[in-house]
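K.L.:
Sharing a structure with you now.
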Amino acid sequence: MPMGHTATAEAGSGGLTATEHRLANGLRVVLSEDHLTPVAAVCLWYDVGSRHEVEGRTGLAHLFEHLMFQGSAQVKDNGHFELVQGAGGSLNGTTSFERTNYFETMPTHQLELALWLEADRMGSLLTALDDESMENQRNVVKNERRQRYDNVPYGTAFERLFALAYPEGHPYHHTPIGSMADLDAATLEDARAFFRTYYAPNNAVISVVGDIDPEQTLAWIEKYFGSIPGHDGKQPPRDGTLPDIIGEELRELVEAEVPSRALMAGYRLPQDGTRACDAADVALTILGGGESSRLYNRLVRRDRTAVAAGFGLLRLAGAPSIGWLDVKTSHDAEVPTIEAAVDEELARFAEEGPTDEEMERAQAQLEREWLDRLGTVAGRADELCKYAVLFGDPQLALSAVGRVLAVTADEVKEVAKARLRPDNRAVLVYEPIAPEEAPDAPEIDVHEAAEIEVQEEEAAK
Amino acid sequence: MTEQLATMEFHPQPQAGDAKPWAFPAPDRGTLPNGLTVLRCHRPGQQIVAVEINLEAPLDAEPEGLDGVATIMARAFTEGTDKHSAEEFAAELERCGATLDAHADHPGVRVALEVPVSRLPKGLALLADALRAPAFDDSEIKRLVRNRLDEIPHEMANPARRAAKELSRQLFPADVRMSRPRQGTEDTVERIDSTAVRAFYDAHVRPATATVVIVGDLDGTDVDALLADTLGEWTGDTAQPRPAAPITADDTGRVVIVDRPGAVQTQLLIGRVGPDRHDRVWPAQVLGSYCLGGTLTSRLDRVLREEKGYTYGVRSFAQVLRSSADGSGASMLAISGSVDTPNTGPALDDLWTVLRTLAAEGLTDPERDVAVQNLVGVAPLRYETAAAVAGTLADQVEQHLPDDFQGELYKRLAETGTVEATAAAVSAFPQDRLVTVLVGDAAEIAEPVKALGIGEVTVVTA
């Protein structure tokens, strides 16, 4: 197999490069060398997420992700974890709306083991999958749901906001964790069918980043993955297209046992991969990222009506992205007061646009976030897979920071004016009630809630 | 199993290649003319530089009735200086793509700066201003106090945070600082004003008792000149070393239920106090604790998660509370996780069975081997970033450990046998000397838990 073309390092990529390859069975391969530390990251993105799920089977993509750790033809129950950890590696898997990823970071000399393990489950998971694993992991996932969503204050906010912002029947109407009823209803046959449909080499991208010999690595990938048959069982996800603007304010009042009032909102924003989405990222950073943002200054420092106020962007490629506003009130401050202040700040921003200083600050913050993400081999491997799967070109990962830095003040103003308006949002208001009348208990963090992990790694101290 | 074997070609499990040498980085240690200790460490390729400051301002130095003043001081460092207002300071930091976080804990206050190396001079200048000339403006302190008061109900509503508070209250005598929340209670925080913050700063913050750790790609950066112009400008007197109060704890086996009617899960926190990193048993305790509950394939999760499905995961760990070379330090040894409400009794029963089996039969050699391979093997992964290296170096300073402690720990882990690891795990988690805190629905869980005989059960209101 000839080696792929080595791209020239892009400006802002920190001199990083990546090469691309494709096996005969359709598996796409991305390799990136970096010999600073004797470690190598393996990352696999399967192009399947909760948006591919059907009615009555929400949560199946994530439950299935758990099953991928329950053994395959040559790997016993939990053997994946045991072998990787025993080799001094770390590993996990996560499920989001648009993809399921599996990753290992290994000491360099153990890289081949990770490739062997990933290939074994891609090619032979169903020979090991049984009722016992299914029942066990169903209970584990239900407890994950309770721990992360149902048993913490505001825990179901993310789920409620998506249900509100994306219409009934839309592939993003439900979140990856799924409902308890659907988790209960999933059968072993559902899991098998899911694997046969979505887990194929031609529906995946593997990236290997770090202290690697690219030729040797590619030879190993060919050896272990090359014989896994590709297939076209996959149906495309339901169409996620929506109008640019919601057209009305959608609203839900949640009376629950929570420690304080809260105002949360999701604004419909441009899809990831567009220049307007990068502009929206800059806009939300100026408005609500960090402690010098407009909303933080207004609500937390000056009005002192909020204990926390921020805006985050959840980038989505297959549907409109969502700008997530989260304000927790201070003491007895009222939501309408805060809402009026938010609206005033958003309207002024849409009218005046950002100052030069604000552009500089926001872009410096976003640049640092990118440096952080690309600063580890695992972070780089994940970004390369993301751009390969969602946009067809891994090289875009290395130029992403440059694109955010190229956004102009006019573009920021334009997206704010077009999108950050009351008739383009779904609003969630939390009103606390006393414990005895609480219908159910419901944390919130866009990034945490958007991705579900099979376990959280504990670092050894 | 009905599925026929897939058609792929199988290969035997590959063998590892030759391991490449890796060692925990050794910092250069020095002192500035103002008495500030400096540890620096060049990590090639790490464009985000991590700077960690240790201030010898421990929580037990907080004045009576002012718990939380160290926290408010730490937060106020970023709320204005002699050059910038609070808003301007935040803006200047973000303009150089930096983050600056400060928090107070039992051993002292930590301040962490992360900044791209290209903007290190500006970042260090801001950090130096924050430490050298914090404004402690009345109105900003009032806001931070209000803000802190607003946070407390959020913490009390979070099962994991609520459990942690209750365990500290149970373990330590009420007059000992460790028994009370690190960031204060409503009663104490309310009393904090700018005068109190200034007084705490004057008494406990000075370069002579502080350390700065700088880690990152420092090639092409004149660190000496940079430090002289920034943290070198910070002045202060010298101080007598503070004698640390001895740590005593009551680990009589008992159960405390923090009642949350209707909770769908029970948060477990089962703990006691044990040896810290100065104790010779530390490596064996790390190893034993990993085998018990370090990961998804450890003993606890093998049963509670992977066999029974009672939980998303249960972990055992040791967290250093305070440490010093004279051996007066201690760590919190704990098992933590959450289980669904109906299975709380059965889950605790299984958990205790795991502890009893460990005590009766010990760990196995393969278990010990895998644990050592993981704990030692992950070091190059774990210390890939500057922030990770800086954090560990600063922890070592805070705990009065030598700079090569982590590197030596890896060697000692590799030399620790199964018998020692078993002994350490059993004495870390003795089945009859554990305080169990359960945050959950008392009406549902109290009776099943009483039946287990793991100690007297009391219920407190949330």
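In the structure tokens, chains take letters A, B, ... by order of appearance, with residues numbered from 1 within each chain and ligands from 1 in the order shown.
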Write out as a ChimeraX atom specification each polymer residue whose atoms come within 12 Å of segment 316-320 of chain A, counting only C-alpha atoms; drop sequence neighbours fewer than 3 positions from it.
P.N.:
/A:47-52,96-99,162,165-167,170-173,236-246,266-274,276-278,280,313,323,386-387,389-392,419,424,450
K.L.:
Using the selection just defined, write its residues with N, CA and C atoms as a compact mmCIF listing (two decimals), in the first residue's frame.
P.N.:
# COMPACT_ATOMS: atom_id res chain seq x y z
N ASP A 47 -19.84 6.17 12.37
CA ASP A 47 -20.81 7.19 11.94
C ASP A 47 -22.21 6.76 12.33
N VAL A 48 -22.44 6.70 13.64
CA VAL A 48 -23.77 6.40 14.16
C VAL A 48 -23.90 7.02 15.54
N GLY A 49 -25.02 7.67 15.76
CA GLY A 49 -25.28 8.29 17.06
C GLY A 49 -26.75 8.22 17.37
N SER A 50 -27.16 8.98 18.35
CA SER A 50 -28.57 8.89 18.76
C SER A 50 -29.51 9.39 17.67
N ARG A 51 -28.99 10.19 16.70
CA ARG A 51 -29.88 10.66 15.63
C ARG A 51 -30.33 9.53 14.69
N HIS A 52 -29.59 8.40 14.75
CA HIS A 52 -29.99 7.27 13.91
C HIS A 52 -31.05 6.39 14.58
N SER A 96 -22.66 10.38 21.21
CA SER A 96 -23.31 11.68 21.10
C SER A 96 -24.43 11.58 20.06
N PHE A 97 -24.99 12.71 19.68
CA PHE A 97 -26.04 12.71 18.68
C PHE A 97 -25.55 12.12 17.36
N GLU A 98 -24.30 12.45 17.00
CA GLU A 98 -23.85 12.22 15.62
C GLU A 98 -22.82 11.13 15.43
N ARG A 99 -22.33 10.59 16.52
CA ARG A 99 -21.30 9.56 16.36
C ARG A 99 -21.09 8.80 17.65
N PHE A 162 -33.67 20.05 24.54
CA PHE A 162 -33.63 19.46 23.19
C PHE A 162 -35.01 19.04 22.73
N ALA A 165 -36.54 22.37 21.66
CA ALA A 165 -35.94 23.10 20.55
C ALA A 165 -35.99 22.35 19.22
N TYR A 166 -36.03 21.03 19.28
CA TYR A 166 -36.10 20.23 18.06
C TYR A 166 -37.46 19.54 18.05
N PRO A 167 -38.24 19.71 17.00
CA PRO A 167 -39.64 19.25 17.04
C PRO A 167 -39.78 17.74 17.17
N HIS A 170 -38.13 14.82 15.12
CA HIS A 170 -36.82 15.23 14.60
C HIS A 170 -35.74 14.34 15.23
N PRO A 171 -34.70 13.98 14.43
CA PRO A 171 -33.68 13.05 14.95
C PRO A 171 -32.93 13.57 16.19
N TYR A 172 -32.98 14.87 16.45
CA TYR A 172 -32.29 15.43 17.63
C TYR A 172 -33.28 15.80 18.74
N HIS A 173 -34.53 15.39 18.60
CA HIS A 173 -35.56 15.67 19.61
C HIS A 173 -35.24 14.97 20.94
N PRO A 236 -29.41 6.08 5.79
CA PRO A 236 -29.03 7.44 6.21
C PRO A 236 -29.93 7.88 7.36
N PRO A 237 -29.43 8.76 8.23
CA PRO A 237 -30.28 9.25 9.32
C PRO A 237 -31.43 10.06 8.74
N ARG A 238 -32.50 10.18 9.54
CA ARG A 238 -33.60 11.03 9.10
C ARG A 238 -33.08 12.45 8.89
N ASP A 239 -33.68 13.15 8.00
CA ASP A 239 -33.24 14.50 7.65
C ASP A 239 -33.35 15.43 8.86
N GLY A 240 -32.27 16.15 9.16
CA GLY A 240 -32.28 17.05 10.31
C GLY A 240 -32.49 18.50 9.94
N THR A 241 -32.77 18.74 8.67
CA THR A 241 -32.94 20.12 8.21
C THR A 241 -34.11 20.81 8.90
N LEU A 242 -33.91 22.04 9.31
CA LEU A 242 -34.97 22.85 9.91
C LEU A 242 -34.81 24.26 9.36
N PRO A 243 -35.90 25.05 9.41
CA PRO A 243 -35.75 26.45 9.00
C PRO A 243 -34.70 27.14 9.89
N ASP A 244 -34.08 28.23 9.37
CA ASP A 244 -33.05 28.94 10.12
C ASP A 244 -33.55 29.46 11.46
N ILE A 245 -34.83 29.83 11.46
CA ILE A 245 -35.41 30.48 12.64
C ILE A 245 -36.57 29.65 13.15
N ILE A 246 -36.68 29.49 14.46
CA ILE A 246 -37.80 28.73 15.02
C ILE A 246 -39.13 29.42 14.67
N GLY A 266 -32.18 27.69 24.62
CA GLY A 266 -31.43 27.18 23.49
C GLY A 266 -31.78 28.00 22.26
N TYR A 267 -30.79 28.63 21.64
CA TYR A 267 -31.01 29.41 20.42
C TYR A 267 -30.62 28.56 19.21
N ARG A 268 -31.44 28.60 18.18
CA ARG A 268 -31.13 27.84 16.97
C ARG A 268 -30.05 28.56 16.17
N LEU A 269 -28.95 27.86 15.89
CA LEU A 269 -27.78 28.49 15.26
C LEU A 269 -27.32 27.69 14.03
N PRO A 270 -26.44 28.30 13.22
CA PRO A 270 -26.00 27.62 11.99
C PRO A 270 -25.29 26.30 12.26
N GLN A 271 -25.36 25.39 11.30
CA GLN A 271 -24.74 24.09 11.42
C GLN A 271 -23.22 24.20 11.46
N ASP A 272 -22.62 23.23 12.14
CA ASP A 272 -21.16 23.14 12.20
C ASP A 272 -20.63 22.95 10.79
N GLY A 273 -19.42 23.44 10.56
CA GLY A 273 -18.82 23.30 9.25
C GLY A 273 -19.04 24.54 8.39
N THR A 274 -19.85 25.47 8.89
CA THR A 274 -20.07 26.70 8.13
C THR A 274 -19.33 27.85 8.80
N ALA A 276 -20.59 30.71 9.28
CA ALA A 276 -21.53 31.35 10.20
C ALA A 276 -21.51 30.68 11.57
N CYS A 277 -21.24 29.37 11.61
CA CYS A 277 -21.17 28.66 12.88
C CYS A 277 -19.94 29.15 13.67
N ASP A 278 -18.81 29.32 12.97
CA ASP A 278 -17.62 29.87 13.63
C ASP A 278 -17.91 31.28 14.15
N ALA A 280 -20.80 32.40 15.07
CA ALA A 280 -21.67 32.25 16.24
C ALA A 280 -20.85 31.88 17.48
N LEU A 313 -21.73 26.84 23.05
CA LEU A 313 -22.17 26.41 21.72
C LEU A 313 -22.04 24.90 21.61
N GLY A 323 -27.20 27.20 20.73
CA GLY A 323 -26.49 28.10 21.65
C GLY A 323 -27.19 28.01 22.98
N LYS A 386 -13.28 13.35 13.84
CA LYS A 386 -14.48 14.17 13.73
C LYS A 386 -14.59 14.78 12.34
N TYR A 387 -13.49 15.44 11.90
CA TYR A 387 -13.57 16.12 10.60
C TYR A 387 -13.65 15.13 9.44
N VAL A 389 -15.22 12.15 9.62
CA VAL A 389 -16.56 11.56 9.61
C VAL A 389 -17.62 12.60 9.23
N LEU A 390 -17.58 13.75 9.87
CA LEU A 390 -18.67 14.70 9.67
C LEU A 390 -18.52 15.55 8.42
N PHE A 391 -17.25 15.81 8.01
CA PHE A 391 -17.04 16.73 6.88
C PHE A 391 -16.19 16.13 5.77
N GLY A 392 -15.82 14.86 5.93
CA GLY A 392 -15.13 14.16 4.85
C GLY A 392 -13.67 14.51 4.68
N ARG A 419 -29.89 35.58 14.51
CA ARG A 419 -30.21 34.36 15.27
C ARG A 419 -30.51 34.57 16.76
N ASN A 424 -36.42 32.91 18.28
CA ASN A 424 -35.56 31.83 17.80
C ASN A 424 -34.98 31.04 18.96
N ALA A 450 -23.83 16.08 26.59
CA ALA A 450 -23.92 15.70 25.19
C ALA A 450 -23.17 14.41 24.89
K.L.:
For Asp356 of chain A, find every residue with an atom within 12 Å (counting only C-alpha atoms), except residues of its own chain fewer than 2 positions away, and show them as a CSV table (one decimal) with C-alpha atoms, in the first residue's frame.
P.N.:
chain,number,residue,atom,x,y,z
A,286,ILE,CA,-18.2,37.5,23.7
A,352,GLU,CA,-23.7,47.5,17.7
A,353,GLY,CA,-21.7,44.4,17.1
A,354,PRO,CA,-18.5,43.5,19.0
A,358,GLU,CA,-13.9,41.9,22.4
A,359,MET,CA,-13.0,40.2,19.2
A,360,GLU,CA,-9.4,39.9,20.3
A,361,ARG,CA,-10.4,38.4,23.7
A,362,ALA,CA,-12.8,35.9,22.3
A,363,GLN,CA,-10.5,34.8,19.6
A,408,THR,CA,-14.7,39.2,11.2
A,409,ALA,CA,-16.6,41.6,13.5
A,410,ASP,CA,-19.2,42.1,10.8
A,412,VAL,CA,-20.3,38.2,14.3
B,95,ARG,CA,-7.0,38.9,26.0
K.L.:
Quick one: of B:Pro121, B:Gly327, B:Pro243, B:Gly391, who's nearest to chain A, counting only C-alpha atoms?
P.N.:
B:Gly391
K.L.:
Pick from A:Asp182, A:Glu82, A:Glu144, A:Glu249: nearest to Arg57 of chain A, with only C-alpha atoms counted?
P.N.:
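Using only C-alpha atoms, the shortest distance to Arg57 of chain A belongs to A:Asp182.
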K.L.:
Have a look at A:Leu183, A:Leu27, A:Leu420, A:Val54 and name the one nearest to Gly247 of chain A; count only C-alpha atoms.
P.N.:
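Closest residue, counting only C-alpha atoms: A:Leu420.
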K.L.:
For Thr58 of chain A, find every residue with an atom within 10 Å (counting only C-alpha atoms), except residues of its own chain fewer than 5 positions away, and show them as a short mmCIF file (atom, residue, chain, number, x, y, z; two decimals) with N, CA and C atoms, in the first residue's frame.
P.N.:
data_model
loop_
_atom_site.label_atom_id
_atom_site.label_comp_id
_atom_site.auth_asym_id
_atom_site.auth_seq_id
_atom_site.Cartn_x
_atom_site.Cartn_y
_atom_site.Cartn_z
N SER A 50 -27.16 8.98 18.35
CA SER A 50 -28.57 8.89 18.76
C SER A 50 -29.51 9.39 17.67
N ARG A 51 -28.99 10.19 16.70
CA ARG A 51 -29.88 10.66 15.63
C ARG A 51 -30.33 9.53 14.69
N HIS A 52 -29.59 8.40 14.75
CA HIS A 52 -29.99 7.27 13.91
C HIS A 52 -31.05 6.39 14.58
N GLU A 53 -31.33 6.64 15.84
CA GLU A 53 -32.27 5.80 16.57
C GLU A 53 -33.71 6.03 16.09
N LEU A 63 -26.41 2.41 24.72
CA LEU A 63 -26.43 1.08 25.33
C LEU A 63 -25.53 0.15 24.53
N HIS A 174 -34.62 13.81 20.87
CA HIS A 174 -34.23 13.09 22.09
C HIS A 174 -32.70 13.06 22.21
N THR A 175 -32.23 12.95 23.45
CA THR A 175 -30.78 12.98 23.69
C THR A 175 -30.21 11.56 23.80
N PRO A 176 -28.87 11.43 23.73
CA PRO A 176 -28.27 10.09 23.67
C PRO A 176 -28.59 9.15 24.83
N ILE A 177 -28.87 9.68 26.01
CA ILE A 177 -29.11 8.76 27.14
C ILE A 177 -30.40 7.96 26.95
N GLY A 178 -31.38 8.51 26.25
CA GLY A 178 -32.62 7.77 26.00
C GLY A 178 -33.54 7.74 27.21
N SER A 179 -34.74 7.21 27.02
CA SER A 179 -35.70 7.16 28.12
C SER A 179 -35.61 5.81 28.84
N MET A 180 -36.03 5.80 30.10
CA MET A 180 -36.03 4.55 30.88
C MET A 180 -36.89 3.50 30.19
N ALA A 181 -38.05 3.93 29.69
CA ALA A 181 -38.96 2.97 29.05
C ALA A 181 -38.30 2.33 27.83
N ASP A 182 -37.61 3.15 27.02
CA ASP A 182 -36.97 2.60 25.82
C ASP A 182 -35.78 1.72 26.18
N LEU A 183 -35.06 2.11 27.24
CA LEU A 183 -33.94 1.27 27.68
C LEU A 183 -34.47 -0.10 28.13
N ALA A 185 -37.15 -1.49 26.99
CA ALA A 185 -37.74 -2.21 25.86
C ALA A 185 -36.71 -2.80 24.90
N ALA A 186 -35.48 -2.31 24.93
CA ALA A 186 -34.49 -2.77 23.95
C ALA A 186 -34.21 -4.26 24.13
#
K.L.:
For each of A:Ala18, A:Val29, A:Ile338, A:Val208, take the minimum atom-to-atom distance to Ala306 of chain A, counting only C-alpha atoms, then give the residue where this is smallest.
P.N.:
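Using only C-alpha atoms, the shortest distance to Ala306 of chain A belongs to A:Ile338.
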K.L.:
Please identify which residues in segment 202-244 of chain A DSSP calls strand (DSSP E) from the backbone, and express them as a list in words.
P.N.:
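Result set for segment 202-244 of chain A (strand (DSSP E)): Ala204, Val205, Ile206, Ser207, Val208, Val209 and Gly210 of chain A.
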K.L.:
May I ask you to extract the residues of chain B within 7 Å of chain A, using only C-alpha atoms, and to give them as an MDAnalysis selection string?
P.N.:
chainID B and resid 1 3:9 13:14 16:20 44:45 87 90:91 94:97 116 147 150 153:154 157:158 263:265 294:295 297 305:312 338:340 370:371 373:378 380:381 384:385
K.L.:
Export C-alpha atoms of the chosen residues as a PDB file, in the first residue's frame?
P.N.:
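out-v7.pdb, written as the output of this step:
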ATOM      1  CA  MET B   1     -25.447 -17.951  20.586  1.00  0.00           C
ATOM      2  CA  GLU B   3     -24.630 -15.789  15.363  1.00  0.00           C
ATOM      3  CA  GLN B   4     -22.206 -17.495  13.080  1.00  0.00           C
ATOM      4  CA  LEU B   5     -18.616 -16.487  13.309  1.00  0.00           C
ATOM      5  CA  ALA B   6     -17.919 -13.445  11.188  1.00  0.00           C
ATOM      6  CA  THR B   7     -15.791 -13.968   8.189  1.00  0.00           C
ATOM      7  CA  MET B   8     -12.834 -11.935   9.254  1.00  0.00           C
ATOM      8  CA  GLU B   9      -9.377 -13.424   9.501  1.00  0.00           C
ATOM      9  CA  GLN B  13      -2.989 -11.326  20.303  1.00  0.00           C
ATOM     10  CA  PRO B  14       0.143  -9.325  19.501  1.00  0.00           C
ATOM     11  CA  ALA B  16       4.311  -5.769  23.176  1.00  0.00           C
ATOM     12  CA  GLY B  17       7.286  -4.152  21.474  1.00  0.00           C
ATOM     13  CA  ASP B  18      10.251  -2.808  23.413  1.00  0.00           C
ATOM     14  CA  ALA B  19       9.250  -0.181  25.939  1.00  0.00           C
ATOM     15  CA  LYS B  20      10.780   3.227  25.386  1.00  0.00           C
ATOM     16  CA  PRO B  44       9.250  20.254  24.602  1.00  0.00           C
ATOM     17  CA  GLY B  45       6.203  20.930  22.437  1.00  0.00           C
ATOM     18  CA  GLU B  87     -13.678  43.783  34.980  1.00  0.00           C
ATOM     19  CA  ALA B  90     -10.738  39.532  33.701  1.00  0.00           C
ATOM     20  CA  ALA B  91     -10.580  41.146  30.260  1.00  0.00           C
ATOM     21  CA  GLU B  94      -8.774  36.605  28.484  1.00  0.00           C
ATOM     22  CA  ARG B  95      -7.027  38.858  26.026  1.00  0.00           C
ATOM     23  CA  CYS B  96      -3.912  36.745  26.425  1.00  0.00           C
ATOM     24  CA  GLY B  97      -5.906  33.514  26.154  1.00  0.00           C
ATOM     25  CA  PRO B 116       0.040  30.057  25.552  1.00  0.00           C
ATOM     26  CA  ASN B 147     -22.006  34.609  45.361  1.00  0.00           C
ATOM     27  CA  ASP B 150     -25.730  31.486  46.665  1.00  0.00           C
ATOM     28  CA  PRO B 153     -27.739  25.482  48.508  1.00  0.00           C
ATOM     29  CA  HIS B 154     -26.554  24.120  45.134  1.00  0.00           C
ATOM     30  CA  ALA B 157     -28.644  19.656  46.738  1.00  0.00           C
ATOM     31  CA  ASN B 158     -25.888  17.683  45.005  1.00  0.00           C
ATOM     32  CA  ALA B 263     -34.376   9.918  45.621  1.00  0.00           C
ATOM     33  CA  VAL B 264     -34.028   7.331  42.836  1.00  0.00           C
ATOM     34  CA  GLN B 265     -30.462   6.528  43.872  1.00  0.00           C
ATOM     35  CA  GLY B 294      -9.494   1.713  41.050  1.00  0.00           C
ATOM     36  CA  THR B 295     -11.276   0.900  37.836  1.00  0.00           C
ATOM     37  CA  THR B 297     -12.228  -4.260  36.339  1.00  0.00           C
ATOM     38  CA  ARG B 305     -21.384  -3.060  38.160  1.00  0.00           C
ATOM     39  CA  GLU B 306     -20.366  -5.837  35.812  1.00  0.00           C
ATOM     40  CA  GLU B 307     -22.158  -8.687  37.603  1.00  0.00           C
ATOM     41  CA  LYS B 308     -25.102  -7.028  39.348  1.00  0.00           C
ATOM     42  CA  GLY B 309     -25.661  -3.792  37.456  1.00  0.00           C
ATOM     43  CA  TYR B 310     -26.397  -1.896  40.695  1.00  0.00           C
ATOM     44  CA  THR B 311     -24.258   1.096  39.736  1.00  0.00           C
ATOM     45  CA  TYR B 312     -22.569   3.089  36.987  1.00  0.00           C
ATOM     46  CA  SER B 338     -24.200   5.616  43.712  1.00  0.00           C
ATOM     47  CA  VAL B 339     -26.580   2.697  43.540  1.00  0.00           C
ATOM     48  CA  ASP B 340     -30.279   2.546  42.716  1.00  0.00           C
ATOM     49  CA  VAL B 370      -2.047  -5.907  36.204  1.00  0.00           C
ATOM     50  CA  ALA B 371      -2.406  -3.104  38.733  1.00  0.00           C
ATOM     51  CA  GLN B 373       1.450  -2.492  34.946  1.00  0.00           C
ATOM     52  CA  ASN B 374      -1.362   0.014  34.768  1.00  0.00           C
ATOM     53  CA  LEU B 375      -0.269   2.375  37.540  1.00  0.00           C
ATOM     54  CA  VAL B 376       3.318   2.517  36.274  1.00  0.00           C
ATOM     55  CA  GLY B 377       2.556   2.094  32.584  1.00  0.00           C
ATOM     56  CA  VAL B 378       0.150   5.041  32.297  1.00  0.00           C
ATOM     57  CA  PRO B 380       3.776   8.863  30.114  1.00  0.00           C
ATOM     58  CA  LEU B 381       0.102   9.294  29.148  1.00  0.00           C
ATOM     59  CA  GLU B 384       1.622  14.436  28.550  1.00  0.00           C
ATOM     60  CA  THR B 385       0.516  18.007  29.297  1.00  0.00           C
TER      61      THR B 385
END
K.L.:
Work out how far atom CA of Gly68 of chain B is from atom CA of Ser324 of chain B, in Å to one decimal.
P.N.:
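Atom-to-atom, atom CA of Ser324 of chain B and atom CA of Gly68 of chain B are spaced 23.1 Å apart.
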K.L.:
So that I can see what lies close to Gly293 of chain B, please list as a list of chain:residue names the residues with an atom at most 10 Å from it, counting only C-alpha atoms and leaving out residues fewer than 2 positions away in the same chain.
P.N.:
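Returned residues: A:Glu458, B:Gly288, B:Ser289, B:Tyr290, B:Cys291, B:Thr295, B:Leu296, B:Thr297, B:Ser298, B:Arg299, B:Leu300, B:Asp301, B:Arg302, B:Gly313, B:Val314, B:Arg315, B:Ser316, B:Phe317, B:Ala334, B:Ile335, B:Ser336.
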K.L.:
For the selection just defined, write its residues with C-alpha atoms to a file, as a PDB file, in the first residue's frame.
P.N.:
ATOM      1  CA  GLU A 458      -9.717   7.610  37.677  1.00  0.00           C
TER       2      GLU A 458
ATOM      3  CA  GLY B 288      -4.219  -2.281  47.133  1.00  0.00           C
ATOM      4  CA  SER B 289      -6.763   0.468  46.715  1.00  0.00           C
ATOM      5  CA  TYR B 290      -6.514   0.171  42.910  1.00  0.00           C
ATOM      6  CA  CYS B 291      -7.160  -3.582  43.108  1.00  0.00           C
ATOM      7  CA  THR B 295     -11.276   0.900  37.836  1.00  0.00           C
ATOM      8  CA  LEU B 296     -14.106  -0.946  36.149  1.00  0.00           C
ATOM      9  CA  THR B 297     -12.228  -4.260  36.339  1.00  0.00           C
ATOM     10  CA  SER B 298     -11.357  -3.899  40.041  1.00  0.00           C
ATOM     11  CA  ARG B 299     -13.065  -6.043  42.684  1.00  0.00           C
ATOM     12  CA  LEU B 300     -15.880  -3.662  43.590  1.00  0.00           C
ATOM     13  CA  ASP B 301     -17.053  -2.938  40.041  1.00  0.00           C
ATOM     14  CA  ARG B 302     -16.567  -6.524  38.948  1.00  0.00           C
ATOM     15  CA  GLY B 313     -19.359   2.666  38.978  1.00  0.00           C
ATOM     16  CA  VAL B 314     -17.879   2.545  42.481  1.00  0.00           C
ATOM     17  CA  ARG B 315     -14.345   3.734  43.210  1.00  0.00           C
ATOM     18  CA  SER B 316     -11.965   3.465  46.150  1.00  0.00           C
ATOM     19  CA  PHE B 317      -9.221   6.049  46.590  1.00  0.00           C
ATOM     20  CA  ALA B 334     -12.908   6.331  50.786  1.00  0.00           C
ATOM     21  CA  ILE B 335     -15.216   4.246  48.635  1.00  0.00           C
ATOM     22  CA  SER B 336     -17.669   6.281  46.595  1.00  0.00           C
TER      23      SER B 336
END
K.L.:
What does the distance from atom CA of Asp365 of chain B to atom CA of Arg280 of chain B come to in Å, to one decimal?
P.N.:
21.1 Å
K.L.:
Name the residues in contact with Leu171 of chain B at a cut-off of 8 Å, using only C-alpha atoms, excluding same-chain residues fewer than 6 positions from it; report them as a PyMOL selection string.
P.N.:
chain B and resi 179+249-251+272-273+435
K.L.:
When DSSP is applied to the backbone of this structure, which of segment 50-171 of chain A are assigned helix (DSSP H, G or I)? Write them out as an NGL selection string.
P.N.:
:A and (50-52 or 60-67 or 79-86 or 108-127 or 131-150 or 157-165)
